[in-house]
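Pasting structure00.cif here (mmCIF, C-alpha atoms; chains and numbers go by the auth columns):
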data_work
loop_
_atom_site.group_PDB
_atom_site.id
_atom_site.type_symbol
_atom_site.label_atom_id
_atom_site.label_comp_id
_atom_site.label_asym_id
_atom_site.label_seq_id
_atom_site.Cartn_x
_atom_site.Cartn_y
_atom_site.Cartn_z
_atom_site.B_iso_or_equiv
_atom_site.auth_seq_id
_atom_site.auth_asym_id
ATOM 1 C CA MET A 1 19.767 -8.945 -5.852 0.00 1 A
ATOM 2 C CA LEU A 2 16.508 -8.527 -3.969 0.00 2 A
ATOM 3 C CA LEU A 3 15.248 -12.003 -4.818 0.00 3 A
ATOM 4 C CA ASN A 4 18.373 -13.560 -3.399 0.00 4 A
ATOM 5 C CA ARG A 5 17.942 -11.538 -0.201 0.00 5 A
ATOM 6 C CA ILE A 6 14.386 -12.900 0.089 0.00 6 A
ATOM 7 C CA ALA A 7 15.680 -16.463 -0.124 0.00 7 A
ATOM 8 C CA LEU A 8 18.429 -15.752 2.429 0.00 8 A
ATOM 9 C CA LEU A 9 15.917 -14.111 4.751 0.00 9 A
ATOM 10 C CA CYS A 10 13.629 -17.130 4.609 0.00 10 A
ATOM 11 C CA ALA A 11 16.517 -19.469 5.305 0.00 11 A
ATOM 12 C CA SER A 12 17.866 -17.431 8.207 0.00 12 A
ATOM 13 C CA LEU A 13 14.448 -17.252 9.839 0.00 13 A
ATOM 14 C CA SER A 14 13.708 -20.935 9.134 0.00 14 A
ATOM 15 C CA LEU A 15 10.493 -19.922 7.388 0.00 15 A
ATOM 16 C CA GLY A 16 10.553 -22.723 4.869 0.00 16 A
ATOM 17 C CA CYS A 17 9.732 -20.270 2.084 0.00 17 A
ATOM 18 C CA HIS A 18 9.707 -21.476 -1.478 0.00 18 A
ATOM 19 C CA VAL A 19 10.650 -18.313 -3.349 0.00 19 A
ATOM 20 C CA ALA A 20 9.190 -18.410 -6.845 0.00 20 A
ATOM 21 C CA TYR A 21 11.791 -16.750 -9.027 0.00 21 A
ATOM 22 C CA ALA A 22 9.667 -17.387 -12.123 0.00 22 A
ATOM 23 C CA GLN A 23 6.389 -16.546 -10.367 0.00 23 A
ATOM 24 C CA THR A 24 3.995 -15.081 -12.924 0.00 24 A
ATOM 25 C CA GLY A 25 1.451 -13.783 -10.448 0.00 25 A
ATOM 26 C CA PRO A 26 0.675 -13.357 -6.768 0.00 26 A
ATOM 27 C CA VAL A 27 -0.860 -15.828 -4.349 0.00 27 A
ATOM 28 C CA THR A 28 -4.601 -15.808 -5.032 0.00 28 A
ATOM 29 C CA THR A 29 -6.081 -17.416 -1.905 0.00 29 A
ATOM 30 C CA GLY A 30 -8.026 -14.695 -0.132 0.00 30 A
ATOM 31 C CA LEU A 31 -7.166 -12.106 -2.786 0.00 31 A
ATOM 32 C CA GLN A 32 -9.882 -9.434 -2.597 0.00 32 A
ATOM 33 C CA MET A 33 -8.534 -6.743 -4.927 0.00 33 A
ATOM 34 C CA TRP A 34 -5.727 -6.702 -7.448 0.00 34 A
ATOM 35 C CA LEU A 35 -4.901 -3.532 -9.345 0.00 35 A
ATOM 36 C CA LYS A 36 -1.892 -3.741 -11.640 0.00 36 A
ATOM 37 C CA ALA A 37 -0.918 -0.981 -14.034 0.00 37 A
ATOM 38 C CA ASP A 38 0.062 -3.385 -16.806 0.00 38 A
ATOM 39 C CA SER A 39 -3.478 -4.821 -17.049 0.00 39 A
ATOM 40 C CA GLY A 40 -6.869 -3.175 -16.662 0.00 40 A
ATOM 41 C CA LEU A 41 -5.694 0.442 -16.392 0.00 41 A
ATOM 42 C CA ALA A 42 -7.335 2.705 -18.984 0.00 42 A
ATOM 43 C CA PRO A 43 -4.830 4.696 -21.100 0.00 43 A
ATOM 44 C CA ASP A 44 -6.330 7.954 -19.811 0.00 44 A
ATOM 45 C CA GLY A 45 -6.343 6.787 -16.180 0.00 45 A
ATOM 46 C CA SER A 46 -10.122 7.081 -15.929 0.00 46 A
ATOM 47 C CA SER A 47 -10.646 3.502 -14.750 0.00 47 A
ATOM 48 C CA TRP A 48 -8.677 0.585 -13.348 0.00 48 A
ATOM 49 C CA ALA A 49 -10.228 -2.884 -13.524 0.00 49 A
ATOM 50 C CA ASP A 50 -9.773 -5.200 -10.563 0.00 50 A
ATOM 51 C CA GLN A 51 -8.030 -8.421 -11.635 0.00 51 A
ATOM 52 C CA SER A 52 -9.059 -10.451 -8.571 0.00 52 A
ATOM 53 C CA GLY A 53 -12.487 -11.382 -9.913 0.00 53 A
ATOM 54 C CA HIS A 54 -14.289 -9.525 -7.107 0.00 54 A
ATOM 55 C CA HIS A 55 -15.060 -6.452 -9.242 0.00 55 A
ATOM 56 C CA HIS A 56 -13.525 -3.866 -6.929 0.00 56 A
ATOM 57 C CA ASP A 57 -12.858 -1.623 -9.900 0.00 57 A
ATOM 58 C CA ALA A 58 -11.431 1.873 -9.422 0.00 58 A
ATOM 59 C CA THR A 59 -12.946 4.890 -11.187 0.00 59 A
ATOM 60 C CA ALA A 60 -11.375 8.345 -11.214 0.00 60 A
ATOM 61 C CA LEU A 61 -13.397 11.207 -9.812 0.00 61 A
ATOM 62 C CA THR A 62 -14.284 13.878 -12.373 0.00 62 A
ATOM 63 C CA GLY A 63 -11.162 15.751 -13.453 0.00 63 A
ATOM 64 C CA GLN A 64 -8.945 13.794 -11.051 0.00 64 A
ATOM 65 C CA ALA A 65 -7.668 10.846 -13.078 0.00 65 A
ATOM 66 C CA PRO A 66 -4.022 9.851 -12.649 0.00 66 A
ATOM 67 C CA ALA A 67 -1.758 10.095 -15.659 0.00 67 A
ATOM 68 C CA VAL A 68 -0.544 6.855 -17.209 0.00 68 A
ATOM 69 C CA GLN A 69 3.117 6.665 -18.098 0.00 69 A
ATOM 70 C CA ALA A 70 3.957 3.877 -20.519 0.00 70 A
ATOM 71 C CA GLY A 71 7.247 2.234 -19.655 0.00 71 A
ATOM 72 C CA GLY A 72 7.350 4.212 -16.438 0.00 72 A
ATOM 73 C CA LEU A 73 8.826 1.501 -14.233 0.00 73 A
ATOM 74 C CA ASN A 74 10.999 -1.383 -15.372 0.00 74 A
ATOM 75 C CA GLY A 75 9.524 -1.001 -18.861 0.00 75 A
ATOM 76 C CA LEU A 76 5.939 -1.295 -17.614 0.00 76 A
ATOM 77 C CA PRO A 77 3.205 1.356 -17.300 0.00 77 A
ATOM 78 C CA VAL A 78 2.424 3.068 -14.012 0.00 78 A
ATOM 79 C CA ALA A 79 -0.333 5.322 -12.731 0.00 79 A
ATOM 80 C CA VAL A 80 1.152 8.713 -11.847 0.00 80 A
ATOM 81 C CA PHE A 81 -0.437 10.565 -8.941 0.00 81 A
ATOM 82 C CA SER A 82 0.858 14.131 -8.714 0.00 82 A
ATOM 83 C CA GLY A 83 -1.041 15.543 -5.762 0.00 83 A
ATOM 84 C CA ASN A 84 -4.660 15.926 -6.917 0.00 84 A
ATOM 85 C CA GLN A 85 -5.678 12.514 -8.257 0.00 85 A
ATOM 86 C CA VAL A 86 -8.115 10.101 -6.661 0.00 86 A
ATOM 87 C CA MET A 87 -10.034 6.993 -7.715 0.00 87 A
ATOM 88 C CA SER A 88 -13.148 5.629 -6.029 0.00 88 A
ATOM 89 C CA ILE A 89 -13.144 1.856 -5.465 0.00 89 A
ATOM 90 C CA ALA A 90 -16.293 -0.229 -5.799 0.00 90 A
ATOM 91 C CA GLY A 91 -17.432 -2.237 -2.775 0.00 91 A
ATOM 92 C CA GLU A 92 -15.952 -3.215 0.585 0.00 92 A
ATOM 93 C CA ILE A 93 -12.501 -4.562 -0.138 0.00 93 A
ATOM 94 C CA VAL A 94 -11.651 -5.511 3.467 0.00 94 A
ATOM 95 C CA PRO A 95 -14.470 -7.728 4.783 0.00 95 A
ATOM 96 C CA LYS A 96 -12.994 -8.539 8.210 0.00 96 A
ATOM 97 C CA GLN A 97 -10.455 -7.418 10.774 0.00 97 A
ATOM 98 C CA ILE A 98 -7.737 -9.756 9.487 0.00 98 A
ATOM 99 C CA PHE A 99 -6.215 -8.494 6.225 0.00 99 A
ATOM 100 C CA THR A 100 -3.096 -7.734 4.188 0.00 100 A
ATOM 101 C CA ILE A 101 -2.397 -4.731 1.961 0.00 101 A
ATOM 102 C CA ILE A 102 0.612 -4.694 -0.391 0.00 102 A
ATOM 103 C CA ALA A 103 1.472 -1.761 -2.664 0.00 103 A
ATOM 104 C CA VAL A 104 4.275 -1.119 -5.150 0.00 104 A
ATOM 105 C CA VAL A 105 4.785 2.633 -5.249 0.00 105 A
ATOM 106 C CA SER A 106 7.229 5.506 -5.384 0.00 106 A
ATOM 107 C CA ASP A 107 6.835 8.565 -3.182 0.00 107 A
ATOM 108 C CA THR A 108 7.820 11.961 -4.614 0.00 108 A
ATOM 109 C CA SER A 109 6.400 14.022 -1.751 0.00 109 A
ATOM 110 C CA THR A 110 8.637 16.461 0.109 0.00 110 A
ATOM 111 C CA PRO A 111 9.225 17.127 3.812 0.00 111 A
ATOM 112 C CA GLY A 112 7.000 19.630 5.546 0.00 112 A
ATOM 113 C CA ALA A 113 4.086 20.115 7.869 0.00 113 A
ATOM 114 C CA GLY A 114 1.002 18.122 6.913 0.00 114 A
ATOM 115 C CA SER A 115 2.961 15.872 4.551 0.00 115 A
ATOM 116 C CA TYR A 116 0.539 12.965 5.003 0.00 116 A
ATOM 117 C CA ARG A 117 0.071 10.918 1.825 0.00 117 A
ATOM 118 C CA GLU A 118 -2.223 7.949 1.350 0.00 118 A
ATOM 119 C CA ILE A 119 -2.062 5.094 -1.140 0.00 119 A
ATOM 120 C CA LEU A 120 -5.299 3.386 -0.104 0.00 120 A
ATOM 121 C CA SER A 121 -7.874 4.518 2.445 0.00 121 A
ATOM 122 C CA ASN A 122 -11.434 4.211 3.719 0.00 122 A
ATOM 123 C CA TRP A 123 -11.183 7.213 6.068 0.00 123 A
ATOM 124 C CA ASP A 124 -14.433 9.035 6.791 0.00 124 A
ATOM 125 C CA PRO A 125 -15.378 11.819 9.263 0.00 125 A
ATOM 126 C CA SER A 126 -17.777 9.397 10.941 0.00 126 A
ATOM 127 C CA THR A 127 -15.047 6.876 11.735 0.00 127 A
ATOM 128 C CA GLU A 128 -11.816 8.903 11.799 0.00 128 A
ATOM 129 C CA THR A 129 -9.273 7.032 13.941 0.00 129 A
ATOM 130 C CA SER A 130 -10.878 3.624 13.336 0.00 130 A
ATOM 131 C CA SER A 131 -10.383 3.820 9.578 0.00 131 A
ATOM 132 C CA ILE A 132 -7.918 1.805 7.486 0.00 132 A
ATOM 133 C CA PHE A 133 -5.233 3.457 5.404 0.00 133 A
ATOM 134 C CA LEU A 134 -1.718 2.796 4.145 0.00 134 A
ATOM 135 C CA GLY A 135 0.530 5.719 3.334 0.00 135 A
ATOM 136 C CA THR A 136 3.516 7.846 4.309 0.00 136 A
ATOM 137 C CA VAL A 137 4.447 10.976 6.239 0.00 137 A
ATOM 138 C CA TRP A 138 7.682 12.906 6.545 0.00 138 A
ATOM 139 C CA GLY A 139 9.113 12.858 10.044 0.00 139 A
ATOM 140 C CA THR A 140 12.468 13.376 11.710 0.00 140 A
ATOM 141 C CA VAL A 141 14.841 10.566 12.701 0.00 141 A
ATOM 142 C CA ASN A 142 18.176 11.394 14.319 0.00 142 A
ATOM 143 C CA GLY A 143 17.678 15.014 13.325 0.00 143 A
ATOM 144 C CA LYS A 144 17.168 14.241 9.625 0.00 144 A
ATOM 145 C CA PRO A 145 13.980 14.426 7.502 0.00 145 A
ATOM 146 C CA THR A 146 12.822 10.848 6.926 0.00 146 A
ATOM 147 C CA ASP A 147 10.003 9.414 4.833 0.00 147 A
ATOM 148 C CA ARG A 148 8.033 7.110 7.167 0.00 148 A
ATOM 149 C CA PHE A 149 4.903 4.976 6.859 0.00 149 A
ATOM 150 C CA ARG A 150 1.487 4.986 8.519 0.00 150 A
ATOM 151 C CA PHE A 151 -0.695 1.884 8.597 0.00 151 A
ATOM 152 C CA THR A 152 -3.929 3.004 10.254 0.00 152 A
ATOM 153 C CA ASP A 153 -3.807 5.440 13.172 0.00 153 A
ATOM 154 C CA ALA A 154 -2.532 2.580 15.358 0.00 154 A
ATOM 155 C CA ILE A 155 0.814 2.423 13.509 0.00 155 A
ATOM 156 C CA GLY A 156 2.396 5.783 12.864 0.00 156 A
ATOM 157 C CA GLY A 157 -0.891 7.680 12.967 0.00 157 A
ATOM 158 C CA ALA A 158 -2.934 9.572 15.545 0.00 158 A
ATOM 159 C CA ASN A 159 -2.513 6.900 18.232 0.00 159 A
ATOM 160 C CA GLN A 160 1.250 7.359 18.017 0.00 160 A
ATOM 161 C CA GLY A 161 1.496 11.124 17.535 0.00 161 A
ATOM 162 C CA GLN A 162 1.192 11.229 13.709 0.00 162 A
ATOM 163 C CA THR A 163 4.967 10.972 13.285 0.00 163 A
ATOM 164 C CA GLY A 164 5.052 7.749 11.273 0.00 164 A
ATOM 165 C CA GLN A 165 7.165 4.658 11.880 0.00 165 A
ATOM 166 C CA GLY A 166 10.194 3.083 10.215 0.00 166 A
ATOM 167 C CA HIS A 167 11.937 4.668 7.249 0.00 167 A
ATOM 168 C CA ILE A 168 11.945 4.471 3.467 0.00 168 A
ATOM 169 C CA ASN A 169 15.512 5.045 2.335 0.00 169 A
ATOM 170 C CA THR A 170 14.957 6.027 -1.306 0.00 170 A
ATOM 171 C CA PRO A 171 11.253 6.858 -1.620 0.00 171 A
ATOM 172 C CA THR A 172 11.494 8.194 -5.176 0.00 172 A
ATOM 173 C CA LYS A 173 12.501 4.708 -6.343 0.00 173 A
ATOM 174 C CA ALA A 174 9.958 1.886 -6.438 0.00 174 A
ATOM 175 C CA PHE A 175 9.454 0.134 -3.109 0.00 175 A
ATOM 176 C CA ILE A 176 7.033 -2.461 -1.771 0.00 176 A
ATOM 177 C CA LEU A 177 5.042 -1.407 1.282 0.00 177 A
ATOM 178 C CA THR A 178 3.172 -4.161 3.136 0.00 178 A
ATOM 179 C CA GLY A 179 0.762 -3.800 6.043 0.00 179 A
ATOM 180 C CA VAL A 180 -0.564 -6.933 7.773 0.00 180 A
ATOM 181 C CA ALA A 181 -3.308 -7.091 10.393 0.00 181 A
ATOM 182 C CA ALA A 182 -3.157 -10.569 11.925 0.00 182 A
ATOM 183 C CA ARG A 183 -4.574 -12.200 15.039 0.00 183 A
ATOM 184 C CA GLY A 184 -2.780 -10.724 18.018 0.00 184 A
ATOM 185 C CA LYS A 185 -0.288 -8.730 15.973 0.00 185 A
ATOM 186 C CA ALA A 186 0.165 -6.228 13.161 0.00 186 A
ATOM 187 C CA PHE A 187 3.291 -5.269 11.253 0.00 187 A
ATOM 188 C CA VAL A 188 4.675 -3.306 8.324 0.00 188 A
ATOM 189 C CA ASP A 189 7.406 -4.379 5.902 0.00 189 A
ATOM 190 C CA VAL A 190 9.340 -2.228 3.439 0.00 190 A
ATOM 191 C CA ASN A 191 10.514 -4.523 0.650 0.00 191 A
ATOM 192 C CA THR A 192 11.846 -7.569 2.528 0.00 192 A
ATOM 193 C CA LYS A 193 12.522 -5.870 5.867 0.00 193 A
ATOM 194 C CA ARG A 194 10.188 -6.024 8.870 0.00 194 A
ATOM 195 C CA GLN A 195 10.306 -2.391 9.988 0.00 195 A
ATOM 196 C CA TYR A 196 7.643 -2.265 12.655 0.00 196 A
ATOM 197 C CA LYS A 197 5.605 -4.715 14.726 0.00 197 A
ATOM 198 C CA LEU A 198 2.728 -3.632 16.933 0.00 198 A
ATOM 199 C CA ALA A 199 2.559 -5.220 20.376 0.00 199 A
ATOM 200 C CA GLY A 200 -0.879 -6.717 19.823 0.00 200 A
ATOM 201 C CA ALA A 201 -3.593 -6.665 17.199 0.00 201 A
ATOM 202 C CA LEU A 202 -4.892 -3.523 15.552 0.00 202 A
ATOM 203 C CA PRO A 203 -7.859 -2.036 17.406 0.00 203 A
ATOM 204 C CA PRO A 204 -11.133 -2.845 15.588 0.00 204 A
ATOM 205 C CA ARG A 205 -11.311 -1.071 12.242 0.00 205 A
ATOM 206 C CA ALA A 206 -14.288 0.423 10.414 0.00 206 A
ATOM 207 C CA LEU A 207 -14.887 -1.739 7.344 0.00 207 A
ATOM 208 C CA THR A 208 -17.966 -0.357 5.576 0.00 208 A
ATOM 209 C CA GLU A 209 -16.883 3.158 4.575 0.00 209 A
ATOM 210 C CA PRO A 210 -16.087 3.959 0.904 0.00 210 A
ATOM 211 C CA TRP A 211 -12.595 3.140 -0.332 0.00 211 A
ATOM 212 C CA VAL A 212 -10.377 5.327 -2.499 0.00 212 A
ATOM 213 C CA LEU A 213 -6.983 5.100 -4.144 0.00 213 A
ATOM 214 C CA GLY A 214 -4.650 8.077 -3.904 0.00 214 A
ATOM 215 C CA ARG A 215 -6.273 10.118 -1.120 0.00 215 A
ATOM 216 C CA GLN A 216 -7.297 9.956 2.540 0.00 216 A
ATOM 217 C CA GLY A 217 -10.883 8.820 2.041 0.00 217 A
ATOM 218 C CA LEU A 218 -13.724 9.859 -0.201 0.00 218 A
ATOM 219 C CA ASN A 219 -14.824 12.658 2.124 0.00 219 A
ATOM 220 C CA GLU A 220 -11.495 14.056 3.309 0.00 220 A
ATOM 221 C CA ALA A 221 -11.487 17.839 3.595 0.00 221 A
ATOM 222 C CA GLY A 222 -8.536 18.599 5.883 0.00 222 A
ATOM 223 C CA ASP A 223 -4.776 18.486 5.298 0.00 223 A
ATOM 224 C CA GLY A 224 -5.264 19.094 1.589 0.00 224 A
ATOM 225 C CA GLY A 225 -6.818 15.674 1.085 0.00 225 A
ATOM 226 C CA GLU A 226 -3.565 13.846 1.857 0.00 226 A
ATOM 227 C CA TYR A 227 -3.207 13.083 -1.863 0.00 227 A
ATOM 228 C CA TRP A 228 -0.591 10.572 -2.933 0.00 228 A
ATOM 229 C CA SER A 229 2.374 11.985 -4.821 0.00 229 A
ATOM 230 C CA GLY A 230 4.245 9.413 -6.880 0.00 230 A
ATOM 231 C CA ASP A 231 3.682 6.273 -8.933 0.00 231 A
ATOM 232 C CA ILE A 232 1.307 3.450 -8.066 0.00 232 A
ATOM 233 C CA ALA A 233 2.201 0.294 -9.967 0.00 233 A
ATOM 234 C CA GLU A 234 0.342 -2.521 -8.225 0.00 234 A
ATOM 235 C CA VAL A 235 -1.935 -2.960 -5.196 0.00 235 A
ATOM 236 C CA LEU A 236 -2.975 -6.265 -3.601 0.00 236 A
ATOM 237 C CA VAL A 237 -5.527 -6.624 -0.806 0.00 237 A
ATOM 238 C CA TYR A 238 -6.215 -9.934 0.970 0.00 238 A
ATOM 239 C CA SER A 239 -8.947 -10.978 3.386 0.00 239 A
ATOM 240 C CA ARG A 240 -6.362 -12.791 5.493 0.00 240 A
ATOM 241 C CA ALA A 241 -2.951 -12.238 7.013 0.00 241 A
ATOM 242 C CA LEU A 242 -0.478 -13.755 4.567 0.00 242 A
ATOM 243 C CA ASN A 243 1.771 -16.383 6.109 0.00 243 A
ATOM 244 C CA PRO A 244 5.559 -16.022 5.658 0.00 244 A
ATOM 245 C CA THR A 245 5.684 -18.341 2.649 0.00 245 A
ATOM 246 C CA ASP A 246 2.883 -16.573 0.780 0.00 246 A
ATOM 247 C CA LEU A 247 4.245 -13.157 1.668 0.00 247 A
ATOM 248 C CA ALA A 248 7.690 -14.108 0.376 0.00 248 A
ATOM 249 C CA THR A 249 6.128 -15.415 -2.845 0.00 249 A
ATOM 250 C CA ASP A 250 4.285 -12.145 -3.427 0.00 250 A
ATOM 251 C CA ILE A 251 7.342 -10.015 -2.683 0.00 251 A
ATOM 252 C CA ALA A 252 9.442 -12.131 -5.053 0.00 252 A
ATOM 253 C CA TYR A 253 6.829 -11.733 -7.805 0.00 253 A
ATOM 254 C CA LEU A 254 6.531 -7.975 -7.310 0.00 254 A
ATOM 255 C CA SER A 255 10.251 -7.290 -6.984 0.00 255 A
ATOM 256 C CA ALA A 256 11.089 -9.295 -10.110 0.00 256 A
ATOM 257 C CA LYS A 257 8.391 -7.438 -12.033 0.00 257 A
ATOM 258 C CA TRP A 258 8.856 -3.858 -10.867 0.00 258 A
ATOM 259 C CA GLN A 259 12.284 -3.531 -9.283 0.00 259 A
#
As structure tokens, how would this structure be written, given the file I've shared?
Amino acid sequence: MLLNRIALLCASLSLGCHVAYAQTGPVTTGLQMWLKADSGLAPDGSSWADQSGHHHDATALTGQAPAVQAGGLNGLPVAVFSGNQVMSIAGEIVPKQIFTIIAVVSDTSTPGAGSYREILSNWDPSTETSSIFLGTVWGTVNGKPTDRFRFTDAIGGANQGQTGQGHINTPTKAFILTGVAARGKAFVDVNTKRQYKLAGALPPRALTEPWVLGRQGLNEAGDGGEYWSGDIAEVLVYSRALNPTDLATDIAYLSAKWQ
């Protein structure tokens, strides 16, 4: 069971984590945006109300609302992005260079050239490689097509040849993708596993460009928009790097709810 693995991981790493098996919500300190498909998502996918209290609500662009599937994941609704859906997010959700992004998603994209897919992004032509985004790309590992992640161009993106990092074993099933930008380091986890750690902090990121859900930026024109293909169940953004205890608490909450 995933929750048990979280507890064992904490113990083995001497993290002192207190895994909340009955946790009814995520850690709220520093929580900037909280989109969850079981609360605040309009039945027609036209809007998605931020539950953090910061009013970073998401609104679908005209004709590009995700579908909403009731009981789509573990009996709960999900937003279904099928390759041409995008939602604009109100305000600047990442106010500083230290931040955490956590997303519960499934990825139904297929291998091929230009298979970049973004969950959350503030990419803009004026900033390009200094933007923030979290998504996936199909690459090749040991001669086999592999779904990999990109967390800004510094991890898996343009700075590293656009080939992605790590691997997502069963992308069509719900997984938790976490990107953390901390002081002096940055890393990405898939579920409970630390899959990549950058040797140093992320280079300074552009923070003021418009944010979107489900595409590579509001003004993306190339690569087909890099639209997400798959479910998006929950997205959490923090204005801090979550410590191991808080990160374990959030993963326990999300895995119990969605997986």
Given the file above and the PyMOL selection byres ((chain A and resi 132) around 7), which residues are selected, and can you give them as a PyMOL selection string? chain A and resi 121-123+130-131+133+152+205
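All residues of protein, DNA or RNA that reach within 8 Å of Ala233 (chain A), judged by all atoms listed in the file and not counting those fewer than 5 positions away in the chain, are A:Lys36, A:Ala37, A:Leu73, A:Pro77, A:Val78, A:Ala79, A:Ala103, A:Val104, A:Val105, A:Trp258.
The residues that lie within 8 Å of the point (-7.7, -15.6, 0.9), counting all atoms listed in the file, are Thr28, Thr29, Gly30, Leu31, Gln32, Tyr238, Ser239 and Arg240 of chain A.
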Restricting to all atoms listed in the file, whichever of A:Ser106, A:Gly53, A:Gly112, A:Ala206 is closest to Ile168 (chain A) is A:Ser106
Please tell me which residues are no farther than 9 Å from (-4.6, -8.1, 4.0) in the file, counting all atoms listed in the file, and write them as a PyMOL selection string. chain A and resi 30-32+94+97-102+178-182+236-242
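The set of residues that the PyMOL selection byres ((chain A and resi 198) around 8) takes from this file is A:Ile155, A:Lys185, A:Ala186, A:Phe187, A:Tyr196, A:Lys197, A:Ala199, A:Gly200, A:Ala201, A:Leu202.
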Would you translate the PyMOL selection byres ((chain A and resi 144-147) around 10) into the concrete set of residues it matches in this file, as an NGL selection string? :A and (107 or 109-112 or 115 or 136-143 or 148-149 or 163-171)
Could you please determine the separation between CA of Trp48 (chain A) and CA of Ala252 (chain A) in Å, to one decimal place? 23.6 Å
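Nearest-residue note for Pro66 (chain A): choosing from A:Ala90, A:Leu247, A:Leu134, A:Leu41, the minimum distance belongs to A:Leu41, counting only C-alpha atoms.
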Quick one: everything within 7 Å of Gln259 (chain A), counting all atoms listed in the file, minus sequence neighbours fewer than 3 positions away in the same chain. Send it as a list in words. Asn74, Ala174, Ser255 and Ala256 of chain A
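The coordinates place CA of Pro26 (chain A) at 28.8 Å from CA of Tyr116 (chain A).
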Padding of 3 Å on every side, edges along x, y and z, all listed atoms of region 106-120 of chain A included: what centre and edge lengths in Å, to one decimal, does that box have, as JSON?
{"center_x": 2.0, "center_y": 11.8, "center_z": 1.2, "size_x": 20.5, "size_y": 22.7, "size_z": 19.3}
Have a look at CA of Thr108 (chain A) and CA of Gly217 (chain A) and let me know their distance in Å, one decimal. 20.1 Å
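Taking all atoms listed in the file into account, Leu61 (chain A) lies nearest to A:Ser88 out of the set A:Ser82, A:Thr24, A:Gln160, A:Ser88.
Among A:Met33, A:Trp211, A:Ala58, A:Asn191, the residue with the shortest atom-to-atom distance to Gly45 (chain A), counting only C-alpha atoms, is A:Ala58.
For the residues A:Pro203, A:Gly225, A:Gly114, A:Gly91, ranking by smallest atom-to-atom distance to Asp50 (chain A) using all atoms listed in the file places A:Gly91 first.
Each of A:Glu234, A:Gly71, A:Ala248, A:Phe151 was compared to Thr192 (chain A) using all atoms listed in the file, and A:Ala248 turns out to be the nearest.
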